[in-house]
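The block underneath contains the structure these notes are about, expressed in C-alpha cells.
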Amino acid sequence: MLEAMTLVSHNATKLEKALMTAKALLAALAITFLAIVLPVSTHAHEVSGQKAVLITGASTGIGRDAAEKLAAAGYFVYAGARKAADIEELNKIENIMAVRLDVTKQEEVDAAVELIQKEGRGLWGVVNNAGVNVIAPLIEADISDLEFLFDVNVYGVFRVTKAFAPLVIESHGRIVNISSISGFLSGGGYGMYSASKHAVEAFTDALAVEMEKLDVFVAAVEPGNFASEIGLTRCKRLLRDTDAKPYVYFEERRQQMLAGCRERVAAGVENEGTPPDAVSAAIEHALFAENPKDKYLVVPRQEEAGWTISQVIEEMLLLNARHEHSYTRDELIEYMDAFWPFAEGDKSFDDEQTEAEMRVFFDSWASRSAASNQGSQSGPVLPAKMSKSDIAGGMFSRPETLTTAEDGRTTLDVTSLLSSDERFASGMYKAEKSRWVIDEPYGVDEFMYFIKGGVTLTSSDGSVTVIKAGEAVTIPKEWTGIWDTDGYEKIWVIYSADGSGL
C-alpha cells in the first residue's frame with residue numbers, strides 16, 4: 001500500500017511538473033506573440049506604470065530620506081551610494097535599487113547609465129543631491145579644499161546631468177538640483193561652500209531654459225538647516241586632519257570650529273536638527289506635480305526664510321542703487337506686482353497670451369519707455385506716470401535727466417513724456433537761485449505746479465504774480481517779463497503748436 005501510494009505520488013509529481021512546463025512554455029509563446037504584434041512603448045516606465053528616478057548621494061540625510069519616501073509612494077528609485085555597506089542596506093528596501101555612484105568618477109557615472117539602461121524601466125527624473133561641505137576662511141583655505149568641494153557640488157552635478165540627459169529627454173521628465181539657502185547667503189567661513197551653491201543656482205537657471213525646448217522641466221530645491229550628515233562629515237574630516245597647520249589670521253576661529261565639531265560628532269546625527277521630511281516632499285512635488293515650481297525654498301524655521309529673502313532683496317537694492325540706470329522704488333514695486341501672479345501660480349508662461357502680455361510689459365519696464373515714452377511708435381503706448389517717489393525728487397535720478405550748469409547755477413530737467421507729434425511734453429524741473437530777463441515772447445504755453453520753493457513773475461506792464469509751493473501757474477507763449485526765484489522744484493506741462501521750445 002505504501003509503495004502504491006509512493007508510486008501515485010511520484011507519478012502525480014511528474015504530471016504536475018509536466019503541466020507546469022507546458023504552462024511556462026505557453027506563457028513564453030504568448031509573450032513572444034504579443035511582442036511581435038503589439039507596438040513597443042517609447043517610454044519603458046509606461047509599460048510598468050512605475051516611474052523611475054535616480055537620486056545621487058542617497059545613503060544618508062536628505063538623499064536617503066527622499067529615496068525612502070519616493071519608494072514608499074510607489075516610485076522606483078535608483079539610489080546612488082559609494083560604500084558597499086550602504087548599497088547593501090539600500091537594496092533591502094522595496095522599490096529601491098542601489099547604484100554604485102561616486103559623482104566625482106566619470107567611469108562610475110557611465111556605468112550607472114549603462115546599468116539603468118539595461119534595467120529597461122526608463123528614467124523619469126534625476127535628483128542631483130550628492131554634496132559636501134567645507135568651512136574655512138578664504139585666505140586660510142587650501143586650493144585642494146576648493147577643488148574637492150567643487151568636484152562634488154558643481155562638477156558632479158554637471159557629470160550626472162550630462163550623462164543621464166538622453167534618458168530624461170526620452171521620457172520628457174524632470175531634473176531636480178539640490179541647492180541650499182547658501183546659494184543666496186554667504187558669510188565668514190562659508191565662502192567656498194556658498195560659491196558652489198551659487199554655481200548650482202546659475203547652472204539650474206541656464207539648464208531650465210535649455211531643457212524647456214526639449215520638454216524637460218528643471219527645478220532647484222534650496223533647503224535650510226535640516227538634519228543631515230553633511231555637517232557631521234565635514235566635522236569628522238576636520239578632526240581627522242591632525243596635521244593641519246594653524247591659521248595665520250583666524251586661528252581663534254579655527255579652534256572654535258574644532259571645539260564645535262567635537263561636540264557635534266559626540267551628539268550624533270539625531271541632534272542635527274529637524275528631519276528633512278519637508279525637503280523630500282518638495283523633491284516629490286518638483287518631480288511629479290502637474291504644476292511644479294522653479295524654486296523650492298524649504299526651511300524649518302521662519303527666521304531662515306527671513307535670512308534668505310532679505311538677503312536677496314538687499315542684494316537687489318544694492319545692485320540697483322546710485323547708478324546711471326537705477327530704477328525707482330515705485331518701478332521696482334511695479335515689477336514685483338506684475339510678476340507676483342506668476343510666482344504664486346495664478347498665471348503661467350505656458351499660456352501664450354499671458355506670456356506675450358508679460359513680455360510687452362517687461363520690454364517697456366526694462367527700457368523705461370513707460371516712463372520716458374519719447375514718442376516712438378515701435379513699442380507699446382503707455383501712460384507716463386510720475387510716482388510719489390519721483391515727485392519727492394527721485395525723478396532727477398533718471399538717466400535721461402538733463403543737467404545744465406550756467407553762471408555757477410545748476411538746473412535739472414527731465415522729460416516724462418514727449419508726444420508722438422512732438423507738440424506736447426511734461427516733466428520735472430529743478431533750479432537754484434536765479435533771475436532771468438525775458439524780453440522776447442516766452443514761446444510756449446507752459447503749466448507749472450511748484451512742489452518746492454516758488455517764483456516771482458514781474459510782467460512787462462509792471463504787474464507782479466507770486467507763486468509759492470503748492471500753487472500753480474500757466475504762462476502763455478506771448479508772455480515777457482522778469483523771472484525771480486530763490487530756487488524751486490516744479491512739474492511742468494508744455495504745449496507748442498510748431499514743436500519749438502520742447
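Just remember, in the C-alpha cells the first chain shown is A, the second B, etc., residues are 1-based per chain, and ligands are 1-based in the order shown.
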
For the alpha helix (DSSP H) assignment from backbone DSSP, which residues of range 346-474 of chain A qualify? Please present them as an mmCIF file with all heavy atoms, in the first residue's frame.
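The result, stored in result_32.cif:
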```cif
data_model
loop_
_atom_site.group_PDB
_atom_site.id
_atom_site.type_symbol
_atom_site.label_atom_id
_atom_site.label_comp_id
_atom_site.auth_asym_id
_atom_site.auth_seq_id
_atom_site.Cartn_x
_atom_site.Cartn_y
_atom_site.Cartn_z
ATOM 1 N N GLU A 352 0.199 81.275 -23.922
ATOM 2 C CA GLU A 352 0.865 82.136 -24.891
ATOM 3 C C GLU A 352 0.448 83.593 -24.763
ATOM 4 O O GLU A 352 1.283 84.498 -24.833
ATOM 5 C CB GLU A 352 0.595 81.632 -26.312
ATOM 6 C CG GLU A 352 1.270 80.298 -26.624
ATOM 7 C CD GLU A 352 1.078 79.882 -28.065
ATOM 8 O OE1 GLU A 352 0.507 80.671 -28.845
ATOM 9 O OE2 GLU A 352 1.495 78.767 -28.415
ATOM 10 N N GLN A 353 -0.832 83.848 -24.586
ATOM 11 C CA GLN A 353 -1.306 85.222 -24.483
ATOM 12 C C GLN A 353 -0.763 85.896 -23.220
ATOM 13 O O GLN A 353 -0.312 87.045 -23.255
ATOM 14 C CB GLN A 353 -2.832 85.273 -24.478
ATOM 15 C CG GLN A 353 -3.387 86.703 -24.424
ATOM 16 C CD GLN A 353 -4.904 86.742 -24.509
ATOM 17 O OE1 GLN A 353 -5.539 85.737 -24.815
ATOM 18 N NE2 GLN A 353 -5.491 87.894 -24.221
ATOM 19 N N THR A 354 -0.799 85.160 -22.110
ATOM 20 C CA THR A 354 -0.286 85.702 -20.854
ATOM 21 C C THR A 354 1.202 85.986 -20.964
ATOM 22 O O THR A 354 1.687 87.028 -20.496
ATOM 23 C CB THR A 354 -0.546 84.710 -19.704
ATOM 24 O OG1 THR A 354 -1.950 84.465 -19.613
ATOM 25 C CG2 THR A 354 -0.044 85.263 -18.387
ATOM 26 N N GLU A 355 1.929 85.066 -21.583
ATOM 27 C CA GLU A 355 3.374 85.251 -21.758
ATOM 28 C C GLU A 355 3.654 86.464 -22.626
ATOM 29 O O GLU A 355 4.564 87.261 -22.339
ATOM 30 C CB GLU A 355 3.977 83.995 -22.390
ATOM 31 C CG GLU A 355 5.505 83.936 -22.368
ATOM 32 C CD GLU A 355 6.159 84.666 -23.517
ATOM 33 O OE1 GLU A 355 5.480 84.857 -24.557
ATOM 34 O OE2 GLU A 355 7.343 85.047 -23.399
ATOM 35 N N ALA A 356 2.863 86.646 -23.692
ATOM 36 C CA ALA A 356 3.055 87.785 -24.592
ATOM 37 C C ALA A 356 2.782 89.105 -23.877
ATOM 38 O O ALA A 356 3.516 90.090 -24.055
ATOM 39 C CB ALA A 356 2.145 87.646 -25.816
ATOM 40 N N GLU A 357 1.736 89.124 -23.039
ATOM 41 C CA GLU A 357 1.417 90.343 -22.293
ATOM 42 C C GLU A 357 2.527 90.695 -21.320
ATOM 43 O O GLU A 357 2.903 91.871 -21.179
ATOM 44 C CB GLU A 357 0.094 90.146 -21.541
ATOM 45 C CG GLU A 357 -1.127 90.086 -22.455
ATOM 46 C CD GLU A 357 -2.385 89.703 -21.701
ATOM 47 O OE1 GLU A 357 -2.280 89.377 -20.491
ATOM 48 O OE2 GLU A 357 -3.479 89.719 -22.302
ATOM 49 N N MET A 358 3.079 89.683 -20.657
ATOM 50 C CA MET A 358 4.169 89.942 -19.720
ATOM 51 C C MET A 358 5.413 90.406 -20.462
ATOM 52 O O MET A 358 6.154 91.263 -19.971
ATOM 53 C CB MET A 358 4.469 88.679 -18.899
ATOM 54 C CG MET A 358 5.518 88.888 -17.817
ATOM 55 S SD MET A 358 5.006 90.119 -16.580
ATOM 56 C CE MET A 358 6.460 90.134 -15.514
ATOM 57 N N ARG A 359 5.636 89.862 -21.640
ATOM 58 C CA ARG A 359 6.792 90.261 -22.431
ATOM 59 C C ARG A 359 6.688 91.730 -22.837
ATOM 60 O O ARG A 359 7.671 92.471 -22.771
ATOM 61 C CB ARG A 359 6.907 89.369 -23.672
ATOM 62 C CG ARG A 359 7.989 89.790 -24.677
ATOM 63 C CD ARG A 359 9.344 89.921 -24.053
ATOM 64 N NE ARG A 359 9.769 88.683 -23.418
ATOM 65 C CZ ARG A 359 10.869 88.581 -22.671
ATOM 66 N NH1 ARG A 359 11.626 89.658 -22.455
ATOM 67 N NH2 ARG A 359 11.213 87.437 -22.131
ATOM 68 N N VAL A 360 5.492 92.167 -23.235
ATOM 69 C CA VAL A 360 5.279 93.578 -23.591
ATOM 70 C C VAL A 360 5.546 94.462 -22.375
ATOM 71 O O VAL A 360 6.232 95.491 -22.466
ATOM 72 C CB VAL A 360 3.843 93.800 -24.118
ATOM 73 C CG1 VAL A 360 3.535 95.286 -24.223
ATOM 74 C CG2 VAL A 360 3.677 93.129 -25.476
ATOM 75 N N PHE A 361 4.994 94.048 -21.224
ATOM 76 C CA PHE A 361 5.229 94.824 -20.004
ATOM 77 C C PHE A 361 6.704 94.891 -19.676
ATOM 78 O O PHE A 361 7.245 95.966 -19.371
ATOM 79 C CB PHE A 361 4.465 94.211 -18.825
ATOM 80 C CG PHE A 361 4.926 94.755 -17.497
ATOM 81 C CD1 PHE A 361 4.502 96.005 -17.049
ATOM 82 C CD2 PHE A 361 5.832 94.038 -16.721
ATOM 83 C CE1 PHE A 361 4.957 96.509 -15.839
ATOM 84 C CE2 PHE A 361 6.290 94.546 -15.513
ATOM 85 C CZ PHE A 361 5.850 95.784 -15.071
ATOM 86 N N PHE A 362 7.375 93.741 -19.733
ATOM 87 C CA PHE A 362 8.792 93.718 -19.353
ATOM 88 C C PHE A 362 9.633 94.585 -20.278
ATOM 89 O O PHE A 362 10.504 95.333 -19.819
ATOM 90 C CB PHE A 362 9.330 92.285 -19.371
ATOM 91 C CG PHE A 362 10.819 92.229 -19.125
ATOM 92 C CD1 PHE A 362 11.318 92.341 -17.837
ATOM 93 C CD2 PHE A 362 11.713 92.094 -20.173
ATOM 94 C CE1 PHE A 362 12.686 92.325 -17.601
ATOM 95 C CE2 PHE A 362 13.076 92.078 -19.951
ATOM 96 C CZ PHE A 362 13.563 92.192 -18.657
ATOM 97 N N ASP A 363 9.395 94.481 -21.580
ATOM 98 C CA ASP A 363 10.172 95.286 -22.521
ATOM 99 C C ASP A 363 10.005 96.773 -22.226
ATOM 100 O O ASP A 363 10.971 97.551 -22.283
ATOM 101 C CB ASP A 363 9.743 94.977 -23.959
ATOM 102 C CG ASP A 363 10.182 93.600 -24.411
ATOM 103 O OD1 ASP A 363 11.073 93.013 -23.751
ATOM 104 O OD2 ASP A 363 9.647 93.097 -25.417
ATOM 105 N N SER A 364 8.774 97.164 -21.914
ATOM 106 C CA SER A 364 8.514 98.559 -21.591
ATOM 107 C C SER A 364 9.164 98.942 -20.268
ATOM 108 O O SER A 364 9.792 99.995 -20.151
ATOM 109 C CB SER A 364 7.009 98.795 -21.523
ATOM 110 O OG SER A 364 6.723 100.090 -21.050
ATOM 111 N N TRP A 365 9.029 98.048 -19.277
ATOM 112 C CA TRP A 365 9.571 98.340 -17.945
ATOM 113 C C TRP A 365 11.093 98.399 -17.977
ATOM 114 O O TRP A 365 11.697 99.331 -17.431
ATOM 115 C CB TRP A 365 9.113 97.266 -16.963
ATOM 116 C CG TRP A 365 9.599 97.490 -15.559
ATOM 117 C CD1 TRP A 365 8.972 98.220 -14.587
ATOM 118 C CD2 TRP A 365 10.803 96.984 -14.980
ATOM 119 N NE1 TRP A 365 9.717 98.205 -13.434
ATOM 120 C CE2 TRP A 365 10.843 97.453 -13.640
ATOM 121 C CE3 TRP A 365 11.840 96.184 -15.448
ATOM 122 C CZ2 TRP A 365 11.891 97.141 -12.773
ATOM 123 C CZ3 TRP A 365 12.898 95.883 -14.598
ATOM 124 C CH2 TRP A 365 12.915 96.355 -13.269
ATOM 125 N N ALA A 366 11.718 97.415 -18.609
ATOM 126 C CA ALA A 366 13.185 97.346 -18.620
ATOM 127 C C ALA A 366 13.803 98.528 -19.341
ATOM 128 O O ALA A 366 14.839 99.058 -18.925
ATOM 129 C CB ALA A 366 13.640 96.040 -19.265
ATOM 130 N N SER A 367 13.167 98.967 -20.430
ATOM 131 C CA SER A 367 13.700 100.083 -21.205
ATOM 132 C C SER A 367 13.228 101.429 -20.684
ATOM 133 O O SER A 367 13.671 102.473 -21.156
ATOM 134 C CB SER A 367 13.283 99.950 -22.672
ATOM 135 O OG SER A 367 11.872 100.033 -22.792
ATOM 136 N N SER A 369 10.473 102.770 -21.167
ATOM 137 C CA SER A 369 9.679 103.502 -22.149
ATOM 138 C C SER A 369 8.354 103.948 -21.559
ATOM 139 O O SER A 369 7.767 104.925 -21.998
ATOM 140 C CB SER A 369 9.434 102.637 -23.391
ATOM 141 O OG SER A 369 8.758 101.442 -23.048
ATOM 142 N N ALA A 370 7.904 103.232 -20.526
ATOM 143 C CA ALA A 370 6.672 103.659 -19.860
ATOM 144 C C ALA A 370 6.883 104.982 -19.148
ATOM 145 O O ALA A 370 5.975 105.774 -18.974
ATOM 146 C CB ALA A 370 6.217 102.611 -18.852
ATOM 147 N N ALA A 371 8.154 105.230 -18.726
ATOM 148 C CA ALA A 371 8.441 106.470 -18.013
ATOM 149 C C ALA A 371 8.843 107.581 -18.960
ATOM 150 O O ALA A 371 8.359 108.694 -18.896
ATOM 151 C CB ALA A 371 9.559 106.218 -16.996
ATOM 152 N N SER A 372 9.750 107.276 -19.894
ATOM 153 C CA SER A 372 10.252 108.329 -20.772
ATOM 154 C C SER A 372 9.393 108.503 -22.012
ATOM 155 O O SER A 372 9.129 109.609 -22.447
ATOM 156 C CB SER A 372 11.696 108.022 -21.174
ATOM 157 O OG SER A 372 11.784 106.772 -21.808
ATOM 158 N N LYS A 388 5.022 108.929 -6.416
ATOM 159 C CA LYS A 388 5.278 109.764 -5.244
ATOM 160 C C LYS A 388 6.769 109.952 -5.025
ATOM 161 O O LYS A 388 7.231 111.039 -4.670
ATOM 162 C CB LYS A 388 4.634 109.139 -4.003
ATOM 163 C CG LYS A 388 3.120 109.202 -3.990
ATOM 164 C CD LYS A 388 2.572 108.594 -2.698
ATOM 165 C CE LYS A 388 1.042 108.657 -2.673
ATOM 166 N NZ LYS A 388 0.499 108.056 -1.433
ATOM 167 N N SER A 389 7.521 108.875 -5.217
ATOM 168 C CA SER A 389 8.971 108.985 -5.033
ATOM 169 C C SER A 389 9.595 109.849 -6.121
ATOM 170 O O SER A 389 10.581 110.552 -5.883
ATOM 171 C CB SER A 389 9.619 107.599 -5.013
ATOM 172 O OG SER A 389 9.396 106.918 -6.226
ATOM 173 N N ASP A 390 9.031 109.820 -7.336
ATOM 174 C CA ASP A 390 9.503 110.709 -8.404
ATOM 175 C C ASP A 390 9.301 112.164 -7.991
ATOM 176 O O ASP A 390 10.211 112.993 -8.080
ATOM 177 C CB ASP A 390 8.737 110.451 -9.704
ATOM 178 C CG ASP A 390 9.161 109.170 -10.384
ATOM 179 O OD1 ASP A 390 10.300 108.727 -10.166
ATOM 180 O OD2 ASP A 390 8.342 108.612 -11.132
ATOM 181 N N ILE A 391 8.094 112.472 -7.528
ATOM 182 C CA ILE A 391 7.753 113.847 -7.164
ATOM 183 C C ILE A 391 8.579 114.312 -5.970
ATOM 184 O O ILE A 391 8.906 115.492 -5.835
ATOM 185 C CB ILE A 391 6.243 113.961 -6.876
ATOM 186 C CG1 ILE A 391 5.456 113.693 -8.173
ATOM 187 C CG2 ILE A 391 5.874 115.311 -6.295
ATOM 188 C CD1 ILE A 391 3.968 113.581 -7.983
#
```

Tell me, as a ChimeraX atom specification, which residues lie within 10 Å of Phe158 in chain A, counting only C-alpha atoms; anything in the same chain fewer than 4 positions away does not count.
/A:103,128,151-154,162-163,200,203

Counting only C-alpha atoms, the residue of A:Ser463, A:Thr104, A:Asp350, A:Ser59 that sits nearest Glu88 in chain A:
A:Ser59

Contacts of range 93-101 of chain A within 6 Å, only C-alpha atoms, excl. fewer than 5 positions in-chain, as a PyMOL selection string
chain A and resi 71+76-82+87+108

Store the residues picked out above in a file with C-alpha atoms, as an mmCIF file, in the first residue's frame.
```
data_model
loop_
_atom_site.group_PDB
_atom_site.id
_atom_site.type_symbol
_atom_site.label_atom_id
_atom_site.label_comp_id
_atom_site.auth_asym_id
_atom_site.auth_seq_id
_atom_site.Cartn_x
_atom_site.Cartn_y
_atom_site.Cartn_z
ATOM 1 C CA ALA A 71 9.857 54.343 -2.828
ATOM 2 C CA PHE A 76 11.113 53.178 -8.334
ATOM 3 C CA VAL A 77 14.325 54.711 -7.023
ATOM 4 C CA TYR A 78 17.860 54.158 -8.222
ATOM 5 C CA ALA A 79 19.754 55.193 -5.105
ATOM 6 C CA GLY A 80 23.299 56.351 -5.685
ATOM 7 C CA ALA A 81 25.802 55.419 -2.985
ATOM 8 C CA ARG A 82 29.565 54.891 -2.695
ATOM 9 C CA ILE A 87 24.484 49.735 -1.087
ATOM 10 C CA GLU A 108 31.085 55.181 -12.255
#
```

Neighbouring residues of Asn291 in chain A were defined as those with any atom within 10 Å, considering only C-alpha atoms; residues of the same chain fewer than 5 positions away were excluded. Please report them as a list of chain:residue names.
A:His285, A:Ala286, A:Gly345, A:Ser348

From the list A:Thr403, A:Glu263, A:Trp492, A:Ile116, which residue is nearest Cys235 in chain A when using only C-alpha atoms?
A:Glu263

Test item: residues at most 10 Å from Ile438 in chain A, only C-alpha atoms, excluding those fewer than 3 positions along its chain, as a PyMOL selection string:
chain A and resi 435+441-442+459-460+479-483

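The space separating CA of Gly499 in chain A from CA of Phe447 in chain A comes to 15.9 Å.
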
Tell me which protein, DNA and RNA residues are within 9 Å of Glu201 in chain A, counting only C-alpha atoms, leaving out same-chain ones fewer than 5 positions away, and put them as a list of chain:residue names.
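Near Glu201 in chain A, the qualifying residues are A:Asn177, A:Ser179, A:Ser180, A:Gly183, A:Phe184, A:Ser196, A:Ala206, A:Ala220.
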
Could you save those same residues with N, CA, C and O atoms as a compact mmCIF listing (two decimals), in the first residue's frame?
```txt
# COMPACT_ATOMS: atom_id res chain seq x y z
N ASN A 177 17.76 69.81 -8.92
CA ASN A 177 19.08 70.04 -8.33
C ASN A 177 18.91 70.53 -6.89
O ASN A 177 18.19 71.50 -6.64
N SER A 179 20.11 72.51 -4.15
CA SER A 179 20.99 73.63 -3.87
C SER A 179 21.01 73.85 -2.35
O SER A 179 21.15 72.90 -1.59
N SER A 180 20.85 75.08 -1.91
CA SER A 180 20.87 75.39 -0.48
C SER A 180 20.51 76.85 -0.32
O SER A 180 20.64 77.65 -1.26
N GLY A 183 22.99 79.15 -1.39
CA GLY A 183 23.08 79.63 -2.76
C GLY A 183 22.77 81.12 -2.85
O GLY A 183 23.04 81.76 -3.86
N PHE A 184 22.20 81.67 -1.76
CA PHE A 184 21.90 83.09 -1.69
C PHE A 184 22.61 83.78 -0.53
O PHE A 184 22.87 84.98 -0.58
N SER A 196 29.90 77.33 -4.30
CA SER A 196 29.49 76.13 -5.03
C SER A 196 27.98 76.10 -5.21
O SER A 196 27.47 75.69 -6.26
N ALA A 206 20.21 78.19 -16.13
CA ALA A 206 20.55 78.01 -17.54
C ALA A 206 20.00 76.69 -18.08
O ALA A 206 19.45 76.63 -19.19
N ALA A 220 15.13 73.83 -8.84
CA ALA A 220 16.11 73.84 -7.75
C ALA A 220 15.37 73.78 -6.42
O ALA A 220 14.35 74.44 -6.24
```

Option closest in space to Tyr75 in chain A, from A:Trp307, A:Tyr488, A:Trp124, A:Phe217 [counting only C-alpha atoms]
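That would be A:Trp124, the residue with the smallest distance to Tyr75 in chain A.
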
Pick out the residues sitting within 9 Å of Gly443 in chain A, and hand them over as number ranges by chain; count only C-alpha atoms, and ignore anything fewer than 6 positions along from it in its own chain.
A: 476-479, 496, 500-501

For the residues in that selection, give me N, CA, C and O atoms as a compact mmCIF listing (two decimals), in the first residue's frame.
```txt
# COMPACT_ATOMS: atom_id res chain seq x y z
N PRO A 476 1.48 132.03 -20.71
CA PRO A 476 1.18 131.96 -22.14
C PRO A 476 2.45 132.21 -22.97
O PRO A 476 3.39 132.85 -22.51
N LYS A 477 2.42 131.72 -24.18
CA LYS A 477 3.61 131.81 -25.03
C LYS A 477 4.00 133.24 -25.36
O LYS A 477 5.15 133.52 -25.70
N GLU A 478 3.05 134.19 -25.25
CA GLU A 478 3.35 135.58 -25.60
C GLU A 478 3.96 136.36 -24.44
O GLU A 478 4.36 137.52 -24.61
N TRP A 479 4.06 135.74 -23.25
CA TRP A 479 4.47 136.48 -22.05
C TRP A 479 5.91 136.96 -22.14
O TRP A 479 6.81 136.25 -22.62
N SER A 496 3.27 123.31 -27.59
CA SER A 496 3.82 124.19 -28.61
C SER A 496 3.28 123.73 -29.94
O SER A 496 3.51 122.60 -30.36
N SER A 500 8.41 123.92 -31.35
CA SER A 500 9.62 124.63 -30.92
C SER A 500 9.60 124.79 -29.41
O SER A 500 8.56 124.90 -28.77
N GLY A 501 10.79 124.80 -28.82
CA GLY A 501 10.91 125.01 -27.38
C GLY A 501 10.72 123.76 -26.55
O GLY A 501 10.76 123.81 -25.31
```
